[in-house]
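Engineer: Following this line is model_33.cif, made up of mmCIF, C-alpha atoms:
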```
data_query
#
loop_
_atom_site.group_PDB
_atom_site.id
_atom_site.type_symbol
_atom_site.label_atom_id
_atom_site.label_comp_id
_atom_site.auth_asym_id
_atom_site.auth_seq_id
_atom_site.Cartn_x
_atom_site.Cartn_y
_atom_site.Cartn_z
ATOM 1 C CA MET Z 28 64.740 48.737 -12.902
ATOM 2 C CA GLU Z 29 63.128 51.055 -10.384
ATOM 3 C CA GLU Z 30 63.228 54.816 -10.837
ATOM 4 C CA GLU Z 31 65.351 56.583 -8.234
ATOM 5 C CA GLY Z 32 62.373 58.505 -6.814
ATOM 6 C CA ARG Z 33 60.433 55.291 -6.274
ATOM 7 C CA GLN Z 34 63.317 53.941 -4.178
ATOM 8 C CA HIS Z 35 62.194 56.230 -1.347
ATOM 9 C CA ASP Z 36 59.063 54.084 -0.978
ATOM 10 C CA ILE Z 37 60.221 51.488 1.585
ATOM 11 C CA ILE Z 38 58.051 48.689 0.169
ATOM 12 C CA LEU Z 39 59.241 49.243 -3.391
ATOM 13 C CA ARG Z 40 62.844 49.520 -2.210
ATOM 14 C CA LYS Z 41 62.606 46.263 -0.224
ATOM 15 C CA ASN Z 42 61.052 44.497 -3.185
ATOM 16 C CA PHE Z 43 63.657 45.822 -5.610
ATOM 17 C CA ILE Z 44 66.624 44.840 -3.432
ATOM 18 C CA GLU Z 45 65.143 41.423 -2.732
ATOM 19 C CA SER Z 46 64.708 40.946 -6.497
ATOM 20 C CA VAL Z 47 68.329 41.924 -7.112
ATOM 21 C CA PHE Z 48 69.558 39.219 -4.725
ATOM 22 C CA VAL Z 49 67.201 36.612 -6.204
ATOM 23 C CA TYR Z 50 68.360 37.529 -9.703
ATOM 24 C CA LYS Z 51 72.011 37.271 -8.658
ATOM 25 C CA ARG Z 52 71.407 33.766 -7.282
ATOM 26 C CA TRP Z 53 69.415 32.865 -10.410
ATOM 27 C CA ARG Z 54 72.260 33.956 -12.715
ATOM 28 C CA THR Z 55 74.601 31.609 -10.846
ATOM 29 C CA VAL Z 56 72.243 28.730 -11.672
ATOM 30 C CA ALA Z 57 71.514 29.833 -15.244
ATOM 31 C CA ASP Z 58 75.190 30.354 -16.085
ATOM 32 C CA ASN Z 59 76.028 26.767 -15.048
ATOM 33 C CA PHE Z 60 72.663 25.162 -15.650
ATOM 34 C CA THR Z 61 71.820 21.629 -14.675
ATOM 35 C CA PRO Z 62 68.351 20.367 -13.765
ATOM 36 C CA ALA Z 63 69.669 19.498 -10.281
ATOM 37 C CA ARG Z 64 70.884 23.059 -9.691
ATOM 38 C CA LEU Z 65 67.517 24.367 -10.767
ATOM 39 C CA VAL Z 66 65.688 22.068 -8.357
ATOM 40 C CA THR Z 67 67.948 23.290 -5.547
ATOM 41 C CA PHE Z 68 67.347 26.948 -6.493
ATOM 42 C CA HIS Z 69 63.597 26.447 -6.703
ATOM 43 C CA THR Z 70 63.495 24.529 -3.410
ATOM 44 C CA GLU Z 71 65.536 27.156 -1.568
ATOM 45 C CA HIS Z 72 63.310 29.969 -2.900
ATOM 46 C CA LYS Z 73 59.980 28.192 -2.369
ATOM 47 C CA LEU Z 74 58.771 30.308 0.537
ATOM 48 C CA LEU Z 75 60.112 33.563 -0.876
ATOM 49 C CA LEU Z 76 58.286 32.940 -4.155
ATOM 50 C CA ARG Z 77 55.097 32.081 -2.273
ATOM 51 C CA ALA Z 78 55.314 35.384 -0.385
ATOM 52 C CA HIS Z 79 55.238 37.156 -3.748
ATOM 53 C CA SER Z 80 52.787 35.006 -5.714
ATOM 54 C CA GLU Z 81 51.371 31.560 -5.098
ATOM 55 C CA LYS Z 82 50.335 31.447 -8.765
ATOM 56 C CA HIS Z 83 53.855 32.133 -10.048
ATOM 57 C CA TYR Z 84 55.342 29.731 -7.520
ATOM 58 C CA ARG Z 85 53.175 26.948 -8.972
ATOM 59 C CA ILE Z 86 54.021 27.913 -12.576
ATOM 60 C CA LEU Z 87 57.730 27.878 -11.711
ATOM 61 C CA GLY Z 88 57.252 24.479 -10.070
ATOM 62 C CA ARG Z 89 55.793 23.077 -13.295
ATOM 63 C CA ILE Z 90 58.651 24.569 -15.308
ATOM 64 C CA THR Z 91 61.152 23.065 -12.859
ATOM 65 C CA ALA Z 92 59.511 19.650 -13.158
ATOM 66 C CA GLY Z 93 60.036 19.753 -16.931
ATOM 67 C CA ALA Z 94 63.622 21.030 -16.808
ATOM 68 C CA GLY Z 95 65.169 17.866 -18.185
ATOM 69 C CA THR Z 96 62.748 17.577 -21.101
ATOM 70 C CA LEU Z 97 62.823 21.095 -22.578
ATOM 71 C CA ASN Z 98 65.375 22.848 -24.748
ATOM 72 C CA PRO Z 99 67.690 24.495 -22.167
ATOM 73 C CA ASP Z 100 67.498 27.954 -23.779
ATOM 74 C CA GLU Z 101 63.694 27.890 -23.915
ATOM 75 C CA PHE Z 102 63.534 26.544 -20.412
ATOM 76 C CA LEU Z 103 65.909 29.162 -18.955
ATOM 77 C CA TYR Z 104 63.988 31.934 -20.684
ATOM 78 C CA ALA Z 105 60.617 30.667 -19.407
ATOM 79 C CA TYR Z 106 61.875 30.223 -15.853
ATOM 80 C CA GLN Z 107 63.585 33.612 -15.729
ATOM 81 C CA GLU Z 108 60.572 35.444 -17.180
ATOM 82 C CA ASN Z 109 58.215 33.872 -14.647
ATOM 83 C CA LEU Z 110 60.695 34.321 -11.801
ATOM 84 C CA MET Z 111 61.059 38.030 -12.452
ATOM 85 C CA SER Z 112 57.300 38.442 -12.992
ATOM 86 C CA CYS Z 113 56.816 36.827 -9.600
ATOM 87 C CA MET Z 114 59.386 39.072 -7.945
ATOM 88 C CA ARG Z 115 57.760 42.209 -9.396
ATOM 89 C CA LEU Z 116 54.651 41.434 -7.354
ATOM 90 C CA LYS Z 117 54.866 42.882 -3.881
ATOM 91 C CA PRO Z 118 54.390 40.575 -0.928
ATOM 92 C CA THR Z 119 51.443 41.641 1.198
ATOM 93 C CA VAL Z 120 51.045 41.288 4.928
ATOM 94 C CA GLN Z 121 48.571 38.454 4.324
ATOM 95 C CA LYS Z 122 50.957 36.614 1.985
ATOM 96 C CA HIS Z 123 53.689 36.925 4.619
ATOM 97 C CA VAL Z 124 51.285 35.641 7.282
ATOM 98 C CA ASN Z 125 50.481 32.622 5.093
ATOM 99 C CA VAL Z 126 54.194 31.850 4.680
ATOM 100 C CA LEU Z 127 54.881 32.382 8.397
ATOM 101 C CA MET Z 128 52.049 29.995 9.291
ATOM 102 C CA HIS Z 129 53.405 27.465 6.786
ATOM 103 C CA ILE Z 130 56.814 27.667 8.458
ATOM 104 C CA MET Z 131 55.203 27.314 11.868
ATOM 105 C CA GLY Z 132 53.609 24.089 10.645
ATOM 106 C CA HIS Z 133 57.082 22.583 10.299
ATOM 107 C CA PHE Z 134 57.460 22.838 14.082
ATOM 108 C CA LYS Z 135 54.105 21.437 15.201
ATOM 109 C CA LYS Z 136 55.726 18.451 16.910
ATOM 110 C CA GLN Z 137 58.743 20.246 18.377
ATOM 111 C CA LEU Z 138 57.197 23.368 19.918
ATOM 112 C CA SER Z 139 55.520 23.379 23.298
ATOM 113 C CA LYS Z 140 52.002 24.740 23.671
ATOM 114 C CA ASP Z 141 53.422 27.982 25.110
ATOM 115 C CA GLU Z 142 55.936 28.353 22.265
ATOM 116 C CA LYS Z 143 53.186 27.849 19.688
ATOM 117 C CA GLN Z 144 51.019 30.417 21.459
ATOM 118 C CA GLU Z 145 53.873 32.924 21.559
ATOM 119 C CA LEU Z 146 54.585 32.412 17.866
ATOM 120 C CA LEU Z 147 50.896 32.831 16.985
ATOM 121 C CA GLU Z 148 50.773 36.052 19.014
ATOM 122 C CA VAL Z 149 53.870 37.400 17.282
ATOM 123 C CA ILE Z 150 52.464 36.535 13.837
ATOM 124 C CA ASP Z 151 49.156 38.165 14.795
ATOM 125 C CA SER Z 152 50.983 41.308 15.944
ATOM 126 C CA PHE Z 153 52.738 41.411 12.578
ATOM 127 C CA LYS Z 154 49.410 40.838 10.796
ATOM 128 C CA ASN Z 155 47.966 43.828 12.641
ATOM 129 C CA GLN Z 156 51.085 45.810 11.726
ATOM 130 C CA HIS Z 157 52.131 46.417 15.334
ATOM 131 C CA ILE Z 158 55.579 44.902 14.778
ATOM 132 C CA PRO Z 159 57.884 44.542 11.760
ATOM 133 C CA LEU Z 160 58.387 41.321 9.795
ATOM 134 C CA ILE Z 161 61.827 40.860 11.340
ATOM 135 C CA VAL Z 162 60.240 39.935 14.707
ATOM 136 C CA PRO Z 163 58.430 36.740 13.608
ATOM 137 C CA ILE Z 164 61.340 35.975 11.263
ATOM 138 C CA ALA Z 165 63.838 36.213 14.152
ATOM 139 C CA LEU Z 166 61.714 33.917 16.319
ATOM 140 C CA LEU Z 167 61.302 31.427 13.480
ATOM 141 C CA ASN Z 168 65.034 31.543 12.742
ATOM 142 C CA HIS Z 169 65.623 30.589 16.382
ATOM 143 C CA TYR Z 170 63.439 27.490 15.943
ATOM 144 C CA VAL Z 171 64.994 26.730 12.548
ATOM 145 C CA ARG Z 172 68.469 26.624 14.090
ATOM 146 C CA LYS Z 173 67.161 24.278 16.778
ATOM 147 C CA TYR Z 174 64.920 21.958 14.792
ATOM 148 C CA ASP Z 175 64.830 22.184 11.002
ATOM 149 C CA GLU Z 176 67.770 21.928 8.616
ATOM 150 C CA TYR Z 177 65.497 22.137 5.539
ATOM 151 C CA LEU Z 178 64.156 25.552 6.513
ATOM 152 C CA ALA Z 179 67.665 26.853 7.216
ATOM 153 C CA LYS Z 180 68.211 26.862 3.446
ATOM 154 C CA GLN Z 181 65.085 28.907 2.714
ATOM 155 C CA HIS Z 182 65.959 32.347 1.369
ATOM 156 C CA TYR Z 183 62.660 33.696 2.694
ATOM 157 C CA LEU Z 184 64.204 33.715 6.151
ATOM 158 C CA ASN Z 185 67.352 35.511 4.920
ATOM 159 C CA PRO Z 186 66.701 36.998 1.457
ATOM 160 C CA HIS Z 187 69.443 39.636 1.660
ATOM 161 C CA PRO Z 188 72.179 40.754 4.066
ATOM 162 C CA THR Z 189 70.756 41.530 7.510
ATOM 163 C CA GLU Z 190 72.796 44.735 7.576
ATOM 164 C CA LEU Z 191 70.372 46.247 5.052
ATOM 165 C CA LYS Z 192 67.657 46.130 7.773
ATOM 166 C CA LEU Z 193 64.925 45.929 5.149
ATOM 167 C CA ARG Z 194 62.540 43.956 7.349
ATOM 168 C CA ASN Z 195 62.811 46.278 10.337
ATOM 169 C CA HIS Z 196 59.761 48.411 9.478
ATOM 170 C CA ALA Z 197 56.191 47.744 10.602
#
```
Represent the structure from my file as structure tokens, please.
Structural biologist:
Amino acid sequence: MEEEGRQHDIILRKNFIESVFVYKRWRTVADNFTPARLVTFHTEHKLLLRAHSEKHYRILGRITAGAGTLNPDEFLYAYQENLMSCMRLKPTVQKHVNVLMHIMGHFKKQLSKDEKQELLEVIDSFKNQHIPLIVPIALLNHYVRKYDEYLAKQHYLNPHPTELKLRNHA
């Protein structure tokens, strides 16, 4: 839980709210656990987890791989502990840039040279903190709708309701 005063810090507030939505989705999986549901959860949160911590993403991947072999209670505890530890770490601009570039890589064959250049410029503007994260996300969401069904399921692109406008700050 975040203290009320800390909620005025936009970065902490974004991170807290994002964690709440991840936890809500996690509880849905944990309450009706099957290894297949876990794999789906982990797959759909891959990029979001990577934006918080590559290390935790890899640990969670190893836990997911062993889901069918562990005691379910031990497994659920281990996954949840590592998931929430991951979500407590704040994404940095550089971590976001890494994820954005990873997403861009999914479109290397579909995008024209000009589209790739535009996307690189937008990501660079975000990296230099001239524009908010929502700008490259909106452009990538446009390409996702056109070209990539897999990415459409990634919660990184839509981690919480758009109405919260949490990604609208540079």
Engineer: Given the file shown, determine the residues that the PyMOL selection byres ((chain Z and resi 42-50) around 7) selects; report them as a list in words.
Structural biologist: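 Selected by the PyMOL selection byres ((chain Z and resi 42-50) around 7) in this file: Ile38, Leu39, Arg40, Lys41, Lys51, Arg52, Trp53, Arg54, Met114, Lys117, Pro186 and His187 of chain Z.
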Engineer: Deliver the residues from the most recent selection as a file, using C-alpha atoms, as a PDB file, in the coordinates of the input.
Structural biologist:
```
ATOM      1  CA  ILE Z  38      58.051  48.689   0.169  1.00  0.00           C
ATOM      2  CA  LEU Z  39      59.241  49.243  -3.391  1.00  0.00           C
ATOM      3  CA  ARG Z  40      62.844  49.520  -2.210  1.00  0.00           C
ATOM      4  CA  LYS Z  41      62.606  46.263  -0.224  1.00  0.00           C
ATOM      5  CA  LYS Z  51      72.011  37.271  -8.658  1.00  0.00           C
ATOM      6  CA  ARG Z  52      71.407  33.766  -7.282  1.00  0.00           C
ATOM      7  CA  TRP Z  53      69.415  32.865 -10.410  1.00  0.00           C
ATOM      8  CA  ARG Z  54      72.260  33.956 -12.715  1.00  0.00           C
ATOM      9  CA  MET Z 114      59.386  39.072  -7.945  1.00  0.00           C
ATOM     10  CA  LYS Z 117      54.866  42.882  -3.881  1.00  0.00           C
ATOM     11  CA  PRO Z 186      66.701  36.998   1.457  1.00  0.00           C
ATOM     12  CA  HIS Z 187      69.443  39.636   1.660  1.00  0.00           C
TER      13      HIS Z 187
END
```
Engineer: Measuring atom to atom with all atoms listed in the file, identify which of Z:Val120, Z:Ala105, Z:Leu74, Z:Met111 is nearest to Tyr183 of chain Z.
Structural biologist: Z:Leu74
Engineer: Convert the output of the PyMOL selection byres ((chain Z and resi 164-167) around 12) on the shown file into explicit residues, formatted as a PyMOL selection string.
Structural biologist: chain Z and resi 123-124+126-134+138+142-143+145-150+153+158-163+168-175+178-179+181-186+189+194-195
Engineer: To test the calculation: enclose all listed atoms of segment 47-51 of chain Z in a box whose edges run along x, y and z, add 5 Å on each side, then state centre and edge lengths in Å to one decimal, as AutoDock Vina command-line options.
Structural biologist:
```
--center_x 69.6 --center_y 39.3 --center_z -7.2 --size_x 14.8 --size_y 15.3 --size_z 15.0
```
Engineer: In Å, how far is it from atom CA of Thr55 of chain Z to atom CA of Lys73 of chain Z?
Structural biologist: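 Between atom CA of Thr55 of chain Z and atom CA of Lys73 of chain Z the gap works out to 17.2 Å.
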Engineer: What does the distance from atom CA of Thr96 of chain Z to atom CA of Leu65 of chain Z come to in Å, to one decimal?
Structural biologist: 13.3 Å
Engineer: I need the residue set behind the PyMOL selection byres ((chain Z and resi 113) around 7) for this file; please write it as a list in words.
Structural biologist: Leu76, His79, Ser80, His83, Asn109, Leu110, Met111, Ser112, Met114, Arg115 and Leu116 of chain Z
Engineer: Which polymer residues have any atom within 10 Å of an atom of Pro99 of chain Z, counting only C-alpha atoms, with same-chain residues fewer than 3 positions away left out, as number ranges by chain?
Structural biologist: Z: 57, 60-62, 94-96, 102-105
Engineer: For a test of reading the model, state the distance in Å between atom CA of Asn125 of chain Z and atom CA of Asp151 of chain Z, rounded to one decimal.
Structural biologist: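 Interatomic distance here is 11.3 Å.
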Engineer: May I ask which of the residues Z:Asn155, Z:Ser139, Z:Thr70, Z:Gln144 is the closest one to Tyr84 of chain Z, counting only C-alpha atoms?
Structural biologist: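 Ranking Z:Asn155, Z:Ser139, Z:Thr70, Z:Gln144 by distance to Tyr84 of chain Z, first place goes to Z:Thr70.
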Engineer: Taking into account all atoms listed in the file, which residue in the set Z:Lys135, Z:Val66, Z:Ser152, Z:Leu75 is nearest to Ile90 of chain Z?
Structural biologist: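 Checking each candidate against Ile90 of chain Z, we get Z:Val66 as the closest.
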Engineer: Which is closer to Lys154 of chain Z than all the others in Z:His69, Z:Lys122, Z:Arg64, Z:Lys180, using all atoms listed in the file?
Structural biologist: Z:Lys122
Engineer: Regenerate segment 102-125 of chain Z at the level of N, CA and C atoms and dump it as a CSV table (one decimal), keeping the file's coordinate frame.
Structural biologist:
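In the end it all went to out23.csv:
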```
chain,number,residue,atom,x,y,z
Z,102,PHE,N,63.8,26.8,-21.8
Z,102,PHE,CA,63.5,26.5,-20.4
Z,102,PHE,C,64.0,27.7,-19.6
Z,103,LEU,N,65.3,28.1,-19.7
Z,103,LEU,CA,65.9,29.2,-19.0
Z,103,LEU,C,65.2,30.5,-19.2
Z,104,TYR,N,64.8,30.7,-20.4
Z,104,TYR,CA,64.0,31.9,-20.7
Z,104,TYR,C,62.6,31.9,-19.9
Z,105,ALA,N,61.9,30.8,-20.1
Z,105,ALA,CA,60.6,30.7,-19.4
Z,105,ALA,C,60.7,30.8,-17.9
Z,106,TYR,N,61.7,30.2,-17.3
Z,106,TYR,CA,61.9,30.2,-15.9
Z,106,TYR,C,62.2,31.6,-15.4
Z,107,GLN,N,63.2,32.3,-16.1
Z,107,GLN,CA,63.6,33.6,-15.7
Z,107,GLN,C,62.4,34.6,-15.9
Z,108,GLU,N,61.7,34.5,-17.0
Z,108,GLU,CA,60.6,35.4,-17.2
Z,108,GLU,C,59.5,35.3,-16.1
Z,109,ASN,N,59.2,34.1,-15.7
Z,109,ASN,CA,58.2,33.9,-14.6
Z,109,ASN,C,58.8,34.2,-13.3
Z,110,LEU,N,60.1,34.0,-13.1
Z,110,LEU,CA,60.7,34.3,-11.8
Z,110,LEU,C,60.6,35.8,-11.6
Z,111,MET,N,61.0,36.6,-12.6
Z,111,MET,CA,61.1,38.0,-12.5
Z,111,MET,C,59.6,38.6,-12.4
Z,112,SER,N,58.7,38.0,-13.1
Z,112,SER,CA,57.3,38.4,-13.0
Z,112,SER,C,56.8,38.2,-11.6
Z,113,CYS,N,57.2,37.1,-11.0
Z,113,CYS,CA,56.8,36.8,-9.6
Z,113,CYS,C,57.4,37.9,-8.7
Z,114,MET,N,58.7,38.2,-8.8
Z,114,MET,CA,59.4,39.1,-7.9
Z,114,MET,C,58.9,40.5,-8.1
Z,115,ARG,N,58.3,40.9,-9.2
Z,115,ARG,CA,57.8,42.2,-9.4
Z,115,ARG,C,56.5,42.4,-8.5
Z,116,LEU,N,55.9,41.3,-8.2
Z,116,LEU,CA,54.7,41.4,-7.4
Z,116,LEU,C,55.1,41.6,-5.9
Z,117,LYS,N,54.5,42.6,-5.3
Z,117,LYS,CA,54.9,42.9,-3.9
Z,117,LYS,C,54.2,41.9,-2.9
Z,118,PRO,N,55.0,41.4,-2.0
Z,118,PRO,CA,54.4,40.6,-0.9
Z,118,PRO,C,53.5,41.5,-0.1
Z,119,THR,N,52.4,40.9,0.3
Z,119,THR,CA,51.4,41.6,1.2
Z,119,THR,C,51.6,41.1,2.6
Z,120,VAL,N,51.0,41.8,3.6
Z,120,VAL,CA,51.0,41.3,4.9
Z,120,VAL,C,50.4,39.9,5.0
Z,121,GLN,N,49.3,39.7,4.3
Z,121,GLN,CA,48.6,38.5,4.3
Z,121,GLN,C,49.4,37.3,3.7
Z,122,LYS,N,50.1,37.6,2.6
Z,122,LYS,CA,51.0,36.6,2.0
Z,122,LYS,C,52.1,36.2,2.9
Z,123,HIS,N,52.6,37.2,3.6
Z,123,HIS,CA,53.7,36.9,4.6
Z,123,HIS,C,53.1,36.1,5.7
Z,124,VAL,N,51.9,36.4,6.2
Z,124,VAL,CA,51.3,35.6,7.3
Z,124,VAL,C,51.1,34.2,6.8
Z,125,ASN,N,50.7,34.0,5.6
Z,125,ASN,CA,50.5,32.6,5.1
Z,125,ASN,C,51.8,31.9,5.1
```
